[in-house]
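Here is the structure we will look at, set down as structure tokens.
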Amino acid sequence: MTLRLDQRLWIAGPEIAVDWDLFDLVAGDTVAPLMRIGPRGRPARVEVSDSAFADALTARCPDLHRSDDKGSGGNLRLVVWSIVAGLSVILLAIYGVPAIAARLAPMIPISVESRLGSAVADQVGRMLGHPPVCDDGPARAVLDRLVARMAGERGLPGEPRIAVHRHAVANALTLPGGRVIILSSLIDRSETADEFAGILAHEFGHIAARDPMRALLAASGSSFLLSLVLGDLTGSTLIVATGQMALSAGYSRDAETAADAYAVETLRRSGGDAGALATILERIARDEEPDGVASLLRSHPFTRERAHRIRTLAGKDTVGRHILTDADWLTLKRICRSVATAAPR
């Protein structure tokens, strides 16, 4: 083997050929007299155990013992860039994905949204733990007439499908594909059919604006991005996100305001009391449990301004109107009651 050290390191032998610039060389961590050297940023390395050669090389190469890019300096940069990339993904999930979802939701075909809504509805039903009720002939007929009366010519993307589940929480969930899940305690808390119809019409407002599809896209997209950071690509994160999105059903203040206005106009056109929505929202806010039990207002944040806006839009000309007969409302309320009340006789 031939070895020469002048302006370059030159080594030639039966199984090796090296011609490296001295200013590019770095030394790895070894125990003297062993020295492992190679060009910076390249994987090629040779080992020498000659102390005299090591001293001569050290004298000629001022950067020889600086940290190698493959060593701790490179690892530190890798860690820093990994943190930056992770933060970028999180910021995209929080701010970028909702903006993208808002533009993408109107482009989803109704047929696709309906199939997706069916899958989410099944999942939510399992999470609630109770099968649908209010499927009794008379009660179902009253509910179907009410829905048809309010949904007609209101520009909904498809026919709404309503399911009632027994639950002690007063809430209503709007899912993609025009599906609405009513928790039966909401019917218990409604003193008139117009109050119940006002909440149902509010959910129709979310359907008309395709808010559930937008929320689902945002939740699933954010969960997917976060799963990249957390290393969970099995799909379990997405499955959990869709159910949690449906149960929380949180919308922006603008979306809630638009749905309220839609509800007022729907009740006005349907012959009901257009201001009844404000009345039930105020009652639920007043009666809300002090220990923080979830209620309609958990997912539809209540403010005095909201009730005032609803009554301003409604005016006084619809006060005293009734969207259902007393007999129909009694049928609906008696059969579609919550687990907190006695079983219907």
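In the structure tokens, chains take letters A, B, ... by order of appearance, with residues numbered from 1 within each chain and ligands from 1 in the order shown.
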
Spatial neighbours of A:Ile310, max dist 8 Å, only C-alpha atoms, sep filter under 2 positions, as a list in words: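 My list of contacting residues is Asp260, Ala261, Val264, Gly275, Leu277, Ala278, Arg306, Ala307, His308, Thr312, Leu313 and Ala314 of chain A.
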
Suppose we keep C-alpha atoms; can you now write the selection as an mmCIF file, in the first residue's frame?
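What landed in selection-v3.cif:
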data_model
loop_
_atom_site.group_PDB
_atom_site.id
_atom_site.type_symbol
_atom_site.label_atom_id
_atom_site.label_comp_id
_atom_site.auth_asym_id
_atom_site.auth_seq_id
_atom_site.Cartn_x
_atom_site.Cartn_y
_atom_site.Cartn_z
ATOM 1 C CA ASP A 260 -80.738 30.776 13.612
ATOM 2 C CA ALA A 261 -81.865 33.062 10.790
ATOM 3 C CA VAL A 264 -86.735 31.844 12.041
ATOM 4 C CA GLY A 275 -89.433 33.275 18.077
ATOM 5 C CA LEU A 277 -86.256 29.004 19.399
ATOM 6 C CA ALA A 278 -85.122 31.874 21.650
ATOM 7 C CA ARG A 306 -78.360 35.465 20.173
ATOM 8 C CA ALA A 307 -81.823 35.331 21.733
ATOM 9 C CA HIS A 308 -82.324 39.034 21.089
ATOM 10 C CA THR A 312 -85.770 40.705 16.345
ATOM 11 C CA LEU A 313 -85.825 38.587 13.189
ATOM 12 C CA ALA A 314 -89.034 36.848 14.233
#

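With only C-alpha atoms as the atoms that count, the residue of A:Ala56, A:Val112, A:Arg161, A:His167 with the shortest distance to A:Val133 is A:His167.
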
Which neighbours of A:Glu191 fall inside 10 Å, counting only C-alpha atoms, when residues of the same chain fewer than 5 positions from it are skipped, and could you give them as a PyMOL selection string? chain A and resi 186+196+276+279-280+283+329+333

Prev. selection, C-alpha atoms, output as a compact mmCIF listing (two decimals), in the first residue's frame:
# COMPACT_ATOMS: atom_id res chain seq x y z
CA LEU A 186 -84.74 17.77 24.11
CA PHE A 196 -88.97 21.75 19.33
CA ALA A 276 -89.91 29.98 19.94
CA THR A 279 -87.51 30.73 24.38
CA ILE A 280 -86.19 27.18 24.64
CA ARG A 283 -84.88 27.94 29.36
CA TRP A 329 -97.70 17.37 19.98
CA LYS A 333 -94.03 14.08 23.42

Proximity to A:Arg337 - best of A:Gly198, A:Pro132, A:Pro176, A:Gly315, only C-alpha atoms: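 Closest to A:Arg337, using only C-alpha atoms: A:Pro132.
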
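Computed from the coordinates, the atom CA of A:Asp63 to atom CA of A:Ile16 distance equals 24.0 Å.
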
Using DSSP on the backbone coordinates, identify all residues within stretch 256-337 of chain A classified as helix (DSSP H, G or I); present the result as a PyMOL selection string. chain A and resi 256-270+276-287+296-299+304-314+326-335

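In this structure, atom CA of A:Cys134 sits 27.4 Å away from atom CA of A:Tyr251.
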